[in-house]
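**Student:** Questions regarding the structure given below will be posed in turn.
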Amino acid sequence: MRPAEAARPPKARRVWLGLASVVALVAAYTLLSNAYRVVDPSLLPDPIRGVLRPQILPPTQRIFDAFVQLVGAGASPVGGAYVHTGDHIGGLVEQRVTLQGSLLISTYRVLIGIAVGGSLGVLAGLLMGWSRAVDEYAHPIYILFRSIPPLALITYVMLWLGHGTAHVLLPIIYAVFTVVVIPTYHGVRDVADIYVKAARALGAGGRLLLSRVVLPAAGPFVLSGLRYALIIAWMTTVGVEMLMADEGIGYLLIGGGMWSSRLEVAGDPAVIVVGIVALALVGYAMDAGVRVAGDRLTEWVKR
Amino acid sequence: MNGLWRRRLWRALLSVGALAVLYGIASEIGSALLPRRIWMVAHYLEDVELLPPYRSLLEETVFLIQSGILPRSVLVSTARVFEGLALGAAVGVPLGLSMARAARLECLLDPWVTFFRFTPALALLPLYALWFGLGELSKILLIATAVAVVTLLGAYQGVRDVPRVYLEAAKSLGASKGLILRKIVWPAALPQIFSSLRIALGLAWVTVVVAELIKATMPSLGYLLALAGAYPRVPTIAVGIVTIGLLVLACDAVALGCYAVATRWMKRSPAHA
Amino acid sequence: MPDPRRRRLEIRDVTHVYEGKTATRALDGVSLDVFENEFLAIVGPVGSGKTTLVRIVAGFLTPSSGVVLWDGAPVAGPSPERGYVFQEEAIFPWMTVRDNLQFGLLAQGVPASEREKIVAELVTLIGLEGYERAYPKELSGGMSKMVEVARVLATDPAILLLDEPFGLLDAQTRSKMQDQLSRLWEEKRKTVILVTHDIEEAIYLADRVVVFTPRPGRVQAEVVVDLPRPRSLETRFSPAFLELKRSIWKEIGRA
Ligand SMILES: Nc1ncnc2c1ncn2[C@@H]1O[C@H](COP(=O)(O)OP(=O)(O)OP(=O)(O)O)[C@@H](O)[C@H]1O
Ligand SMILES: [Mg+2]
């Protein structure tokens, strides 16, 4: 059945409208965030007075400054004239925390999570989808473990693994694993099944069956699972880094502080906005990468 | 059919039971063999039960319930999850519906939806803490944001996927725009809205736990975990984790039930039966 | 020769081209008149533009050139006056049989008691008593198609547009459905346009059969069916029936 294609504007117009909406909002924000220069906020009525402050709504140019500072932080001399240790950005610059460095570390964590958790998840999904016995024994246990939010384990895992690399990576791997299992499982059980029967009737078996029938048939499902896993992996990575890591984009966002006293240092909204925008861009780029690669790998799928 | 389910149930009980017994044995051996002093960053942690046996788990559960800590924590966290869910869905669903129906609105909002889709909701926590304080409001708004994004996409896709023939059939029967929205678009999109709500509920729990771990202002499940982790008291951590797991499980079961009711008109493939 | 009957639908030189990567000319200069209470059948090969023509008459498609007049006025958009049964399955799966049947009435603001009455009549008409509260998933393909036909009848349209309503049925169910439709027509005497691949079905049901050429669709021939009504199994084996069938096949062979 054809889906409802409401009259959609042509592509050029879509892009134009989207761009216009971004530009308009950024412009409106710039005006609003700079309003405190023109009018004395203390004269304004209460809720507006509280909001129209650069500490709450950082002016656009300050966000840009923060971006420049964070990109250049690695090169700047420690204790330069403009560094105020104790505030968010000053602390980061002093520790030579750069935006690109933080993103690199977080990306690396996400990729490890996808590689390890993804392979384990695909394996588990394959087994459960392939064999009914494995499914019936393992599925209940999987559901129990899936119900535990990965970051809830963090305090316990630390006791076993100490405070280090493995401790940070484990929740990410765990999160990716739980997300990837189900699409793979459904791909194998519900979709590949009929093709497997057909291929068996043609005399195929073993490795051939797995590599030529099961994996391609389940492929699109695994890929869409991976795309969702990417989002979950970033979410978990940022969470872990905010909670306990000493580096990475989550650390940059929260600006340091010790475990459970984090967030007590008043954050600098300019730094946070820079971090958030960077996260969105990297997340989008990675998703687009998987999408393009996936389309190549599963060209045969009807669209 | 009946026999099939009985076998499934039997196998499920067997494997979960085996896991429970295995833990029992491991914890007994563990309490004899595992170290109780652990080196952590700069100092020793004393008296750590890495694998607390059932006995101490039970004692801890009784204590946490009788002292009222656990019930209160459950209540606080669950309330946050559902307040955030309600708020987020109240924003996300109507927005998703209207985006799918109004082409110009869709074009205008599209970049922002994409932006929020790839922004991990947790990254907004420091910003919300700054804007709304460390208390209740920032946590609920954080959950609501995560929920809104997911339900918006679900509602949008749900409407987009309504087969055109239904809209045309309704139109040729003389239905007004409002009637089409109420009787065609809404029920046809409802299954996808419900499955997005189910995903959102899971996400809400993940979000609330992290928000509470980072900064708790009230006794709550995340706070319990953070506190127990600082001592550390493993039985408390374990009870906290199991409680969260059970709550997530129960919420998911309820969401699944709602989904089943909302889609009782749908044909089901035998594999799902 | 002026026709004494009232002319309701006039299709004047209608051409339709689907624009797209490859432009498809689906209809090429089709002219047709449909009269009050007439049962018209359109037969033609796959892709000959039958659905295209019906969608133009229903008001979902504007022809590239030419006009369609309904009671003398150009068709502008869909209306319950022209009841359209789609080629695809269009029964609303989330509504019970009853709610499907009364949807058009609901759209017109007919009060509930009146709706109930009409629904009860229709349910008897299509022989689905006891299924009022069933969801379409519990119906067979033929049953749900009959519900679609009855759903359109509920609002008492002036013309029925049926696009291959029995296309997917087996031969037995199909002939049963044809009898039911025939009976229904005897009772209600509506103006009908029926699209079908099945020449026997066309002859059995219609007053006049129009044969389309392969794409782009043009009217290749018109055959008047003057078999007596009510028609029955006997009709299908009468010499006149076979003679009509032969002449239509001849027309198709000439294309
Ligand atoms: N929406 C569309 N866009 C582009 N081309 C179309 C569209 N709908 C139909 N066509 C093309 O127009 C031609 C006529 O299609 P139409 O559906 O009217 O044929 P039909 O006679 O109803 O065929 P069938 O007997 O298979 O139902 C076909 O070649 C088809 O490919
Ligand atoms: Mg057709």
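Following the order of the structure tokens, chains are lettered A, B, ..., residues in each are numbered from 1, and ligands are numbered from 1.
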What are the nearest atom pairs, with distances in Å to one decimal, for all residues of chain C that come at most 12 Å from ligand 1, using only C-alpha atoms and all ligand atoms, set out by chain and rising residue number as JSON lines?
**Tutor:**
```
{"residue": "C:Thr15", "atom": "CA", "partner": "ligand 1", "partner_atom_place_in_ligand_line": "12 (O)", "distance": 11.5}
{"residue": "C:His16", "atom": "CA", "partner": "ligand 1", "partner_atom_place_in_ligand_line": "12 (O)", "distance": 8.7}
{"residue": "C:Val17", "atom": "CA", "partner": "ligand 1", "partner_atom_place_in_ligand_line": "12 (O)", "distance": 7.8}
{"residue": "C:Tyr18", "atom": "CA", "partner": "ligand 1", "partner_atom_place_in_ligand_line": "4 (C)", "distance": 4.8}
{"residue": "C:Glu19", "atom": "CA", "partner": "ligand 1", "partner_atom_place_in_ligand_line": "4 (C)", "distance": 6.7}
{"residue": "C:Gly20", "atom": "CA", "partner": "ligand 1", "partner_atom_place_in_ligand_line": "4 (C)", "distance": 6.6}
{"residue": "C:Lys21", "atom": "CA", "partner": "ligand 1", "partner_atom_place_in_ligand_line": "4 (C)", "distance": 9.0}
{"residue": "C:Thr22", "atom": "CA", "partner": "ligand 1", "partner_atom_place_in_ligand_line": "4 (C)", "distance": 8.3}
{"residue": "C:Ala23", "atom": "CA", "partner": "ligand 1", "partner_atom_place_in_ligand_line": "4 (C)", "distance": 7.5}
{"residue": "C:Thr24", "atom": "CA", "partner": "ligand 1", "partner_atom_place_in_ligand_line": "5 (N)", "distance": 5.8}
{"residue": "C:Arg25", "atom": "CA", "partner": "ligand 1", "partner_atom_place_in_ligand_line": "12 (O)", "distance": 6.7}
{"residue": "C:Ala26", "atom": "CA", "partner": "ligand 1", "partner_atom_place_in_ligand_line": "13 (C)", "distance": 4.4}
{"residue": "C:Leu27", "atom": "CA", "partner": "ligand 1", "partner_atom_place_in_ligand_line": "14 (C)", "distance": 7.5}
{"residue": "C:Asp28", "atom": "CA", "partner": "ligand 1", "partner_atom_place_in_ligand_line": "14 (C)", "distance": 10.9}
{"residue": "C:Ile42", "atom": "CA", "partner": "ligand 1", "partner_atom_place_in_ligand_line": "21 (O)", "distance": 9.5}
{"residue": "C:Val43", "atom": "CA", "partner": "ligand 1", "partner_atom_place_in_ligand_line": "21 (O)", "distance": 8.5}
{"residue": "C:Gly44", "atom": "CA", "partner": "ligand 1", "partner_atom_place_in_ligand_line": "21 (O)", "distance": 6.5}
{"residue": "C:Pro45", "atom": "CA", "partner": "ligand 1", "partner_atom_place_in_ligand_line": "25 (O)", "distance": 5.9}
{"residue": "C:Val46", "atom": "CA", "partner": "ligand 1", "partner_atom_place_in_ligand_line": "25 (O)", "distance": 3.7}
{"residue": "C:Gly47", "atom": "CA", "partner": "ligand 1", "partner_atom_place_in_ligand_line": "19 (O)", "distance": 3.4}
{"residue": "C:Ser48", "atom": "CA", "partner": "ligand 1", "partner_atom_place_in_ligand_line": "21 (O)", "distance": 3.9}
{"residue": "C:Gly49", "atom": "CA", "partner": "ligand 1", "partner_atom_place_in_ligand_line": "18 (O)", "distance": 3.1}
{"residue": "C:Lys50", "atom": "CA", "partner": "ligand 1", "partner_atom_place_in_ligand_line": "21 (O)", "distance": 3.8}
{"residue": "C:Thr51", "atom": "CA", "partner": "ligand 1", "partner_atom_place_in_ligand_line": "22 (O)", "distance": 3.6}
{"residue": "C:Thr52", "atom": "CA", "partner": "ligand 1", "partner_atom_place_in_ligand_line": "18 (O)", "distance": 3.7}
{"residue": "C:Leu53", "atom": "CA", "partner": "ligand 1", "partner_atom_place_in_ligand_line": "18 (O)", "distance": 6.6}
{"residue": "C:Val54", "atom": "CA", "partner": "ligand 1", "partner_atom_place_in_ligand_line": "18 (O)", "distance": 8.1}
{"residue": "C:Arg55", "atom": "CA", "partner": "ligand 1", "partner_atom_place_in_ligand_line": "18 (O)", "distance": 8.3}
{"residue": "C:Ile56", "atom": "CA", "partner": "ligand 1", "partner_atom_place_in_ligand_line": "18 (O)", "distance": 9.9}
{"residue": "C:Phe60", "atom": "CA", "partner": "ligand 1", "partner_atom_place_in_ligand_line": "1 (N)", "distance": 11.0}
{"residue": "C:Leu61", "atom": "CA", "partner": "ligand 1", "partner_atom_place_in_ligand_line": "1 (N)", "distance": 9.7}
{"residue": "C:Phe86", "atom": "CA", "partner": "ligand 1", "partner_atom_place_in_ligand_line": "27 (O)", "distance": 10.3}
{"residue": "C:Gln87", "atom": "CA", "partner": "ligand 1", "partner_atom_place_in_ligand_line": "27 (O)", "distance": 7.2}
{"residue": "C:Glu88", "atom": "CA", "partner": "ligand 1", "partner_atom_place_in_ligand_line": "27 (O)", "distance": 9.4}
{"residue": "C:Leu162", "atom": "CA", "partner": "ligand 1", "partner_atom_place_in_ligand_line": "22 (O)", "distance": 11.4}
{"residue": "C:Asp163", "atom": "CA", "partner": "ligand 1", "partner_atom_place_in_ligand_line": "22 (O)", "distance": 7.8}
{"residue": "C:Glu164", "atom": "CA", "partner": "ligand 1", "partner_atom_place_in_ligand_line": "27 (O)", "distance": 7.5}
{"residue": "C:Pro165", "atom": "CA", "partner": "ligand 1", "partner_atom_place_in_ligand_line": "27 (O)", "distance": 10.7}
{"residue": "C:Phe166", "atom": "CA", "partner": "ligand 1", "partner_atom_place_in_ligand_line": "27 (O)", "distance": 11.9}
{"residue": "C:Gly167", "atom": "CA", "partner": "ligand 1", "partner_atom_place_in_ligand_line": "27 (O)", "distance": 9.2}
{"residue": "C:Leu168", "atom": "CA", "partner": "ligand 1", "partner_atom_place_in_ligand_line": "27 (O)", "distance": 11.5}
{"residue": "C:Leu194", "atom": "CA", "partner": "ligand 1", "partner_atom_place_in_ligand_line": "22 (O)", "distance": 11.6}
{"residue": "C:Val195", "atom": "CA", "partner": "ligand 1", "partner_atom_place_in_ligand_line": "22 (O)", "distance": 8.1}
{"residue": "C:Thr196", "atom": "CA", "partner": "ligand 1", "partner_atom_place_in_ligand_line": "25 (O)", "distance": 7.4}
{"residue": "C:His197", "atom": "CA", "partner": "ligand 1", "partner_atom_place_in_ligand_line": "25 (O)", "distance": 6.6}
{"residue": "C:Asp198", "atom": "CA", "partner": "ligand 1", "partner_atom_place_in_ligand_line": "25 (O)", "distance": 10.3}
{"residue": "C:Val211", "atom": "CA", "partner": "ligand 1", "partner_atom_place_in_ligand_line": "21 (O)", "distance": 11.1}
{"residue": "C:Phe212", "atom": "CA", "partner": "ligand 1", "partner_atom_place_in_ligand_line": "21 (O)", "distance": 8.6}
{"residue": "C:Thr213", "atom": "CA", "partner": "ligand 1", "partner_atom_place_in_ligand_line": "21 (O)", "distance": 9.7}
{"residue": "C:Pro214", "atom": "CA", "partner": "ligand 1", "partner_atom_place_in_ligand_line": "21 (O)", "distance": 8.4}
{"residue": "C:Arg215", "atom": "CA", "partner": "ligand 1", "partner_atom_place_in_ligand_line": "29 (O)", "distance": 6.6}
{"residue": "C:Pro216", "atom": "CA", "partner": "ligand 1", "partner_atom_place_in_ligand_line": "13 (C)", "distance": 7.4}
{"residue": "C:Gly217", "atom": "CA", "partner": "ligand 1", "partner_atom_place_in_ligand_line": "21 (O)", "distance": 7.8}
{"residue": "C:Arg218", "atom": "CA", "partner": "ligand 1", "partner_atom_place_in_ligand_line": "21 (O)", "distance": 10.9}
```
**Student:** Pull out every residue of chain B that has at least one atom within 6 Å of chain A, counting only C-alpha atoms, and report them as a list in words.
**Tutor:**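 Only these qualify: Arg8, Arg11, Ala12, Ser15, Ala103, Cys107, Leu108, Phe115, Phe118, Thr119, Pro120, Arg160, Asp161, Val162, Pro163, Arg164, Val206, Ile214, Gly229, Gly245, Val248 and Leu249 of chain B.
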**Student:** Compare C:Val123, C:Arg115, C:Val85, C:Glu148 by their minimum atom-to-atom distance to ligand 2, counting only C-alpha atoms and all ligand atoms, and give me the closest one.
**Tutor:** C:Val85
**Student:** Write out as a list of chain:residue names which residues come within 7 Å of C:Ala134 when counting only C-alpha atoms, dropping same-chain ones fewer than 3 positions away.
**Tutor:**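 Residues near the query, excluding close chain neighbours: C:Thr96, C:Val97, C:Tyr131, C:Glu138.
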**Student:** Take the selection from the previous step and output its residues with all heavy atoms, as a short mmCIF file (atom, residue, chain, number, x, y, z; two decimals), in the first residue's frame.
**Tutor:**
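Saved the output as result_26.cif:
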```
data_model
loop_
_atom_site.label_atom_id
_atom_site.label_comp_id
_atom_site.auth_asym_id
_atom_site.auth_seq_id
_atom_site.Cartn_x
_atom_site.Cartn_y
_atom_site.Cartn_z
N THR C 96 -14.99 -1.59 13.49
CA THR C 96 -15.80 -2.79 13.32
C THR C 96 -16.61 -2.65 12.02
O THR C 96 -16.67 -1.58 11.43
CB THR C 96 -16.77 -2.96 14.49
OG1 THR C 96 -17.60 -1.80 14.53
CG2 THR C 96 -16.04 -3.10 15.81
N VAL C 97 -17.22 -3.75 11.62
CA VAL C 97 -18.05 -3.73 10.42
C VAL C 97 -19.09 -2.62 10.53
O VAL C 97 -19.31 -1.83 9.61
CB VAL C 97 -18.74 -5.10 10.24
CG1 VAL C 97 -19.85 -5.02 9.20
CG2 VAL C 97 -17.70 -6.14 9.84
N TYR C 131 -22.05 -10.21 12.30
CA TYR C 131 -20.66 -9.74 12.19
C TYR C 131 -20.54 -8.25 12.49
O TYR C 131 -19.49 -7.67 12.25
CB TYR C 131 -20.13 -10.01 10.78
CG TYR C 131 -19.68 -11.43 10.57
CD1 TYR C 131 -20.54 -12.38 10.06
CD2 TYR C 131 -18.39 -11.82 10.92
CE1 TYR C 131 -20.14 -13.69 9.87
CE2 TYR C 131 -17.97 -13.13 10.73
CZ TYR C 131 -18.85 -14.05 10.21
OH TYR C 131 -18.43 -15.34 10.04
N GLU C 138 -11.35 -10.39 10.85
CA GLU C 138 -12.08 -11.65 10.98
C GLU C 138 -12.90 -11.96 9.74
O GLU C 138 -13.59 -12.98 9.70
CB GLU C 138 -13.02 -11.57 12.19
CG GLU C 138 -12.27 -11.38 13.52
CD GLU C 138 -13.17 -10.80 14.60
OE1 GLU C 138 -14.19 -11.43 14.89
OE2 GLU C 138 -12.85 -9.71 15.10
#
```
**Student:** As a VMD selection string, could you give me every residue of chain C near chain B (at most 9 Å apart, counting only C-alpha atoms)?
**Tutor:** chain C and resid 58 to 60 77 to 86 88 to 96 103 to 108 135 to 138 151 to 152 155
**Student:** Between atom CA of C:Thr62 and atom CA of C:Ile193, what distance in Å does the model show, to one decimal?
**Tutor:**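 Going from atom CA of C:Thr62 over to atom CA of C:Ile193 covers 18.6 Å.
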**Student:** As an exercise, work out the distance from atom CA of C:Leu32 to atom CA of C:Arg231 in Å and give it to one decimal place.
**Tutor:**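 Those two atoms sit 25.5 Å apart.
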**Student:** Name all residues at most 9 Å from B:Leu152 (count only C-alpha atoms; drop same-chain ones fewer than 4 positions away) and give them as a PyMOL selection string.
**Tutor:** chain B and resi 89+91-97+99+113+147-148+156-157+193+196
**Student:** For atom CA of C:Leu169 and atom CA of C:Ile252, quote the distance in Å rounded to one decimal.
**Tutor:**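 Calculated distance between atom CA of C:Leu169 and atom CA of C:Ile252 is 23.9 Å.
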**Student:** Find the residues near A:Gly121: any atom within 6 Å, counting only C-alpha atoms, skip ones fewer than 4 places away on the same chain, and give them as a PyMOL selection string.
**Tutor:** chain A and resi 117+125+177+180-181
**Student:** Go ahead and dump the residues you just picked, N, CA, C and O atoms, as a compact mmCIF listing (two decimals), in the first residue's frame.
**Tutor:**
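The new file part-v8.txt reads:
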```txt
# COMPACT_ATOMS: atom_id res chain seq x y z
N GLY A 117 29.96 -4.37 22.00
CA GLY A 117 28.55 -4.63 22.34
C GLY A 117 27.75 -5.05 21.13
O GLY A 117 26.90 -5.95 21.21
N GLY A 125 21.55 -12.28 19.28
CA GLY A 125 20.32 -12.22 18.50
C GLY A 125 20.25 -13.34 17.48
O GLY A 125 19.20 -13.96 17.28
N PHE A 177 24.78 -3.64 23.55
CA PHE A 177 24.41 -5.05 23.48
C PHE A 177 22.90 -5.22 23.59
O PHE A 177 22.26 -5.84 22.74
N VAL A 180 20.96 -4.03 20.45
CA VAL A 180 21.16 -4.68 19.15
C VAL A 180 20.51 -6.06 19.08
O VAL A 180 20.13 -6.53 18.01
N VAL A 181 20.35 -6.70 20.22
CA VAL A 181 19.85 -8.08 20.24
C VAL A 181 18.50 -8.20 19.52
O VAL A 181 18.33 -9.04 18.63
```
**Student:** So which residues of stretch 109-200 of chain C fall under helix (DSSP H, G or I) by DSSP, listed as a ChimeraX atom specification?
**Tutor:** /C:112-125,136-138,141-154,171-188,199-200
